[in-house]
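See structure below.
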Amino acid sequence: MSRAYFHFLSPQRMPWLLIAVTLLSGTVYAREPAAQKPTILTLVPEYIEHVTANFNPFSHAVMPTAHEFIFEPLIIFNSFQNNKPVYRLATGYQLDEDLKGITFTLRQGVTWSDGKPFTAADVVYSFLLAQKKPNLDSHGIRPWIQSVRQIGNNQVYIKLTQPNALIAYTLVLQPIVPKHQWEKVDDPLTFTNPEPIGTGPFTQIEQLNADGYLQCRNPRYWQAEQLQIDCLHYPKVTNNDDFIARIAQGEFDWAGSFIPDIERHYASYSPDYNYWQPPASTISLLFNFKTAQPQLRALFQQRAFRRAISMAVQRQLLIDIAAFGQGVPSEFASGMSQRFERWADPITTEKYRPYITYNPDLARERLDTLGVLDRDQDGWRELPSGQPLLLTIMTPKGWSDFNTTAQLLSEMLADIGLRTQTLQVEFDQFVEQMTHADYTLALTNYPEGLTPFNYFKLGFDSTYQAPQYPRYAMHFYRDPQIDALLARFPIAATAHQRLSIIRELDSLVASQQITVPLYNSVQFYQYNTQRFTGWFHQDNPVANPVVWPQNPERLLHVLALRPKTETALPE
């Protein structure tokens, strides 16, 4: 146990920490007065096969409790309150009049968890890391930064390579790390950072083993009076079946995973078991335009083939069976979320609606026209060359809704004569294979954004097809016109111009049928009121409530939680 953690626990409370850490291997209830035991919040932000002491915020293998909880951001933009800024390490920002630079004013009096002062030099260093080392730039910050410099004691000025009215939304995603620690690291990409130093509320890693870990209070957190939780407990959860069995027993306080028939298999078990499902982004089928099979690659290049696949899909059936009714069929052929309906041009929506509507007869006609025929009359179509045609749909192992969706898609494509198999791989392997174009077809979801720009940028900007970026654009389809529109959006001076650009993107992506949008999912969010109050929910929609690592607003949620007077430690 680290010495720093003992600083915030009185001698009377220390024994209760020892009891609490046995949560990682057994069942314990504490019955002593609440004032003498640490308050532990058990959360499941994602599934994982191996728990490792990796708290490097630049690593793809980082533990999902590092961002926000260890490395606090400069600003959190609240998507549930019209992107209102909630200032954290920064207390304000100012764009230059020509939109070619931005100044952040930093909060004074903040210290790192090791006692060293947080300074503007730390912020400058963190942004220069992204600028100088492309492999560390997972948020696409580097192309925007021309230079970074400190102004006075508490300001940082970033000169941009080109005007960008919305650059603050992107820059605040950059992890801010302590210069005095990281400047001594030989390779920031492979460094695992097992003993992290941060400014966030939970920086002390305790009792890490194969089953999980405790992440406990930063003894020097700048907003300590707001924080009512002593530790986060992250238990290893390997897959959806494992998750469902354990959440039904009340083990987790805060989670965000798919539960089939959630009323029956979760909410009905206890009045303390609650959920809220705000609308989320699209789940889509991706084609690998760089697949190593030349004939298959040539087929994927045919828009008629992609549309045939799309018209073979019974979207409502996918929702009813795979998602247990939790979602709605895709409305936009571009895959833009229904959340942004006001951004869509109704004419474009109706123009391309037929291509995301179930029409197997027209799908078969398209395949016939392409020469994808069943020449040997065995019930399966062959490639135009006559060679066998086999499609493989890859999904992450343990993602039961994705896996079921893939199985249903396989059956639907069989109905139009396409032989398809499914492939489930561990999530790390899933990402690795997509990154290196080692797949045929795959399913993916997309992170939430403050505007539709985030979806189009992450999903279709060719810049994001480099290894350091997430999987969303790893279909490897490139279109200079899309890239140009994406480059124009941030520098658009007016809301009308930005609306026009989004509508052009919507039309262009829809017209090409780059992916096959399946259905709009919901944000999976479950919370247990047995031990804590202050949860965000439909009647208390303070901010985005999900616990996923892609959601910076989860920090606001943690700060809002309060333990109940009679609190039993979770099983």
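Identifiers in the structure tokens: chain A, B, ... in order shown; residue index from 1 per chain; ligand index from 1 in order shown.
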Could you pull the residues within 10 Å of Ala61 of chain A, counting only C-alpha atoms, minus those fewer than 2 positions along the same chain, as a list in words?
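My reading of the contact set: Ile48, His50, Val51, Thr52, Ala53, Asn54, Phe55, Asn56, Pro57, Phe58, Ser59, Met63, Pro64, Thr190, Thr192 and Asp428 of chain A.
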File dump, residues just selected, C-alpha atoms, as a short mmCIF file (atom, residue, chain, number, x, y, z; two decimals), in the first residue's frame:
```
data_model
loop_
_atom_site.label_atom_id
_atom_site.label_comp_id
_atom_site.auth_asym_id
_atom_site.auth_seq_id
_atom_site.Cartn_x
_atom_site.Cartn_y
_atom_site.Cartn_z
CA ILE A 48 -10.88 -6.38 -19.99
CA HIS A 50 -5.95 -8.71 -18.26
CA VAL A 51 -5.54 -6.21 -15.46
CA THR A 52 -2.16 -4.52 -15.75
CA ALA A 53 -0.48 -1.64 -13.97
CA ASN A 54 -0.71 0.54 -17.07
CA PHE A 55 -1.79 4.09 -16.32
CA ASN A 56 -0.14 5.74 -19.30
CA PRO A 57 -2.84 8.00 -20.79
CA PHE A 58 -1.18 7.81 -24.21
CA SER A 59 -1.29 4.00 -24.38
CA MET A 63 -6.59 1.03 -17.68
CA PRO A 64 -10.02 2.64 -18.16
CA THR A 190 5.71 2.05 -24.00
CA THR A 192 3.32 1.84 -18.32
CA ASP A 428 -7.24 -5.92 -28.12
#
```
Contact check, segment 488-507 of chain A to segment 437-453 of chain A, at most 9 Å, counting only C-alpha atoms, closest pairs as a Markdown table:
```
| residue | atom | partner | partner_atom | distance |
| --- | --- | --- | --- | --- |
| A:Phe489 | CA | A:Phe453 | CA | 7.8 |
| A:Pro490 | CA | A:Phe453 | CA | 9.0 |
| A:Ile502 | CA | A:Phe453 | CA | 7.0 |
```
Same residues, N, CA and C atoms, output as a compact mmCIF listing (two decimals), in the first residue's frame:
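Saved to selection21.txt:
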```
# COMPACT_ATOMS: atom_id res chain seq x y z
N PHE A 489 -14.86 22.72 -41.68
CA PHE A 489 -15.84 22.88 -40.60
C PHE A 489 -15.29 23.69 -39.41
N PRO A 490 -14.11 23.37 -38.89
CA PRO A 490 -13.64 24.10 -37.70
C PRO A 490 -13.36 25.58 -37.96
N ILE A 502 -22.00 20.22 -42.61
CA ILE A 502 -22.48 18.93 -42.10
C ILE A 502 -23.46 18.31 -43.09
```
Output as a Markdown table one row per residue of segment 282-318 of chain A within 7 Å of segment 515-537 of chain A: the closest atom pair and its distance in Å to one decimal place, counting only C-alpha atoms, sorted by chain and residue number ascending.
```
| residue | atom | partner | partner_atom | distance |
| --- | --- | --- | --- | --- |
| A:Thr282 | CA | A:Asn520 | CA | 4.3 |
| A:Ile283 | CA | A:Tyr519 | CA | 5.6 |
| A:Ser284 | CA | A:Pro517 | CA | 4.3 |
| A:Leu285 | CA | A:Val516 | CA | 5.0 |
| A:Leu286 | CA | A:Thr515 | CA | 5.2 |
| A:Phe287 | CA | A:Thr515 | CA | 6.6 |
| A:Ser310 | CA | A:Val516 | CA | 5.6 |
| A:Arg315 | CA | A:Leu518 | CA | 5.9 |
```
Same residues, all heavy atoms, output as a PDB file, in the first residue's frame:
```pdb
ATOM      1  N   THR A 282     -24.449   5.507 -33.907  1.00  0.00           N
ATOM      2  CA  THR A 282     -24.805   4.389 -34.774  1.00  0.00           C
ATOM      3  C   THR A 282     -23.858   3.210 -34.608  1.00  0.00           C
ATOM      4  O   THR A 282     -22.662   3.385 -34.372  1.00  0.00           O
ATOM      5  CB  THR A 282     -24.773   4.849 -36.235  1.00  0.00           C
ATOM      6  OG1 THR A 282     -25.589   6.012 -36.368  1.00  0.00           O
ATOM      7  CG2 THR A 282     -25.265   3.773 -37.171  1.00  0.00           C
ATOM      8  N   ILE A 283     -24.407   2.015 -34.736  1.00  0.00           N
ATOM      9  CA  ILE A 283     -23.606   0.802 -34.922  1.00  0.00           C
ATOM     10  C   ILE A 283     -23.621   0.490 -36.410  1.00  0.00           C
ATOM     11  O   ILE A 283     -24.691   0.428 -37.024  1.00  0.00           O
ATOM     12  CB  ILE A 283     -24.171  -0.361 -34.106  1.00  0.00           C
ATOM     13  CG1 ILE A 283     -24.027  -0.073 -32.610  1.00  0.00           C
ATOM     14  CG2 ILE A 283     -23.464  -1.674 -34.461  1.00  0.00           C
ATOM     15  CD1 ILE A 283     -24.668  -1.104 -31.718  1.00  0.00           C
ATOM     16  N   SER A 284     -22.447   0.324 -36.982  1.00  0.00           N
ATOM     17  CA  SER A 284     -22.334   0.153 -38.436  1.00  0.00           C
ATOM     18  C   SER A 284     -21.507  -1.068 -38.795  1.00  0.00           C
ATOM     19  O   SER A 284     -20.676  -1.542 -38.010  1.00  0.00           O
ATOM     20  CB  SER A 284     -21.686   1.397 -39.066  1.00  0.00           C
ATOM     21  OG  SER A 284     -22.514   2.526 -38.936  1.00  0.00           O
ATOM     22  N   LEU A 285     -21.735  -1.533 -40.009  1.00  0.00           N
ATOM     23  CA  LEU A 285     -20.931  -2.590 -40.611  1.00  0.00           C
ATOM     24  C   LEU A 285     -19.884  -1.934 -41.497  1.00  0.00           C
ATOM     25  O   LEU A 285     -20.211  -1.118 -42.365  1.00  0.00           O
ATOM     26  CB  LEU A 285     -21.811  -3.523 -41.435  1.00  0.00           C
ATOM     27  CG  LEU A 285     -21.108  -4.671 -42.159  1.00  0.00           C
ATOM     28  CD1 LEU A 285     -20.594  -5.705 -41.163  1.00  0.00           C
ATOM     29  CD2 LEU A 285     -22.060  -5.335 -43.170  1.00  0.00           C
ATOM     30  N   LEU A 286     -18.617  -2.282 -41.278  1.00  0.00           N
ATOM     31  CA  LEU A 286     -17.517  -1.698 -42.037  1.00  0.00           C
ATOM     32  C   LEU A 286     -16.975  -2.691 -43.057  1.00  0.00           C
ATOM     33  O   LEU A 286     -16.822  -3.883 -42.758  1.00  0.00           O
ATOM     34  CB  LEU A 286     -16.377  -1.275 -41.107  1.00  0.00           C
ATOM     35  CG  LEU A 286     -16.422   0.145 -40.539  1.00  0.00           C
ATOM     36  CD1 LEU A 286     -17.692   0.384 -39.754  1.00  0.00           C
ATOM     37  CD2 LEU A 286     -15.201   0.406 -39.667  1.00  0.00           C
ATOM     38  N   PHE A 287     -16.652  -2.182 -44.238  1.00  0.00           N
ATOM     39  CA  PHE A 287     -15.923  -2.936 -45.254  1.00  0.00           C
ATOM     40  C   PHE A 287     -14.447  -2.568 -45.137  1.00  0.00           C
ATOM     41  O   PHE A 287     -14.110  -1.403 -44.915  1.00  0.00           O
ATOM     42  CB  PHE A 287     -16.393  -2.566 -46.662  1.00  0.00           C
ATOM     43  CG  PHE A 287     -17.865  -2.756 -46.898  1.00  0.00           C
ATOM     44  CD1 PHE A 287     -18.763  -1.738 -46.616  1.00  0.00           C
ATOM     45  CD2 PHE A 287     -18.356  -3.950 -47.407  1.00  0.00           C
ATOM     46  CE1 PHE A 287     -20.120  -1.893 -46.838  1.00  0.00           C
ATOM     47  CE2 PHE A 287     -19.711  -4.121 -47.631  1.00  0.00           C
ATOM     48  CZ  PHE A 287     -20.603  -3.092 -47.341  1.00  0.00           C
ATOM     49  N   SER A 310     -26.491  -3.466 -47.742  1.00  0.00           N
ATOM     50  CA  SER A 310     -27.325  -2.621 -46.894  1.00  0.00           C
ATOM     51  C   SER A 310     -28.810  -2.956 -47.052  1.00  0.00           C
ATOM     52  O   SER A 310     -29.556  -2.999 -46.062  1.00  0.00           O
ATOM     53  CB  SER A 310     -27.095  -1.146 -47.224  1.00  0.00           C
ATOM     54  OG  SER A 310     -27.860  -0.309 -46.395  1.00  0.00           O
ATOM     55  N   ARG A 315     -33.244  -4.145 -40.200  1.00  0.00           N
ATOM     56  CA  ARG A 315     -32.706  -3.398 -39.059  1.00  0.00           C
ATOM     57  C   ARG A 315     -33.544  -3.540 -37.790  1.00  0.00           C
ATOM     58  O   ARG A 315     -33.002  -3.669 -36.691  1.00  0.00           O
ATOM     59  CB  ARG A 315     -32.512  -1.937 -39.463  1.00  0.00           C
ATOM     60  CG  ARG A 315     -31.348  -1.766 -40.436  1.00  0.00           C
ATOM     61  CD  ARG A 315     -31.309  -0.408 -41.105  1.00  0.00           C
ATOM     62  NE  ARG A 315     -30.070  -0.237 -41.860  1.00  0.00           N
ATOM     63  CZ  ARG A 315     -29.849  -0.743 -43.087  1.00  0.00           C
ATOM     64  NH1 ARG A 315     -30.817  -1.439 -43.691  1.00  0.00           N
ATOM     65  NH2 ARG A 315     -28.695  -0.556 -43.694  1.00  0.00           N
TER      66      ARG A 315
END
```
List as a ChimeraX atom specification the protein and nucleic acid residues near segment 86-95 of chain A, meaning an atom at most 7 Å away when only C-alpha atoms are counted, but skip any in the same chain fewer than 5 places from it.
/A:72-78,101-107
Could the residues in this selection be written to a file with N, CA, C and O atoms, as a compact mmCIF listing (two decimals), in the first residue's frame?
```txt
# COMPACT_ATOMS: atom_id res chain seq x y z
N GLU A 72 -6.68 14.94 -14.83
CA GLU A 72 -7.83 15.82 -14.97
C GLU A 72 -7.66 16.71 -16.20
O GLU A 72 -6.56 17.19 -16.49
N PRO A 73 -8.71 16.94 -16.97
CA PRO A 73 -8.60 17.78 -18.18
C PRO A 73 -8.60 19.26 -17.84
O PRO A 73 -8.92 19.67 -16.71
N LEU A 74 -8.26 20.05 -18.82
CA LEU A 74 -8.32 21.50 -18.67
C LEU A 74 -9.77 21.96 -18.50
O LEU A 74 -10.09 22.76 -17.62
N ILE A 75 -10.63 21.46 -19.37
CA ILE A 75 -12.04 21.86 -19.38
C ILE A 75 -12.87 20.64 -19.77
O ILE A 75 -12.43 19.81 -20.56
N ILE A 76 -14.06 20.53 -19.22
CA ILE A 76 -15.03 19.54 -19.67
C ILE A 76 -16.20 20.31 -20.29
O ILE A 76 -16.79 21.18 -19.64
N PHE A 77 -16.51 20.00 -21.52
CA PHE A 77 -17.66 20.61 -22.17
C PHE A 77 -18.87 19.71 -21.96
O PHE A 77 -18.88 18.57 -22.38
N ASN A 78 -19.89 20.25 -21.31
CA ASN A 78 -21.05 19.47 -20.91
C ASN A 78 -22.02 19.34 -22.08
O ASN A 78 -22.72 20.28 -22.43
N GLY A 101 -5.26 31.28 -32.90
CA GLY A 101 -4.58 30.99 -31.65
C GLY A 101 -5.57 30.94 -30.50
O GLY A 101 -6.69 31.45 -30.60
N ILE A 102 -5.15 30.32 -29.41
CA ILE A 102 -6.02 30.19 -28.24
C ILE A 102 -5.16 30.30 -26.98
O ILE A 102 -4.04 29.76 -26.93
N THR A 103 -5.68 31.00 -25.98
CA THR A 103 -5.00 31.16 -24.71
C THR A 103 -5.81 30.49 -23.61
O THR A 103 -7.00 30.75 -23.46
N PHE A 104 -5.16 29.60 -22.86
CA PHE A 104 -5.78 28.98 -21.69
C PHE A 104 -5.24 29.64 -20.43
O PHE A 104 -4.03 29.79 -20.27
N THR A 105 -6.14 30.05 -19.56
CA THR A 105 -5.76 30.54 -18.24
C THR A 105 -5.91 29.40 -17.25
O THR A 105 -6.96 28.75 -17.19
N LEU A 106 -4.85 29.14 -16.50
CA LEU A 106 -4.80 27.94 -15.67
C LEU A 106 -5.16 28.23 -14.22
O LEU A 106 -4.94 29.33 -13.71
N ARG A 107 -5.69 27.22 -13.57
CA ARG A 107 -6.07 27.32 -12.17
C ARG A 107 -4.81 27.36 -11.31
O ARG A 107 -3.91 26.54 -11.48
```
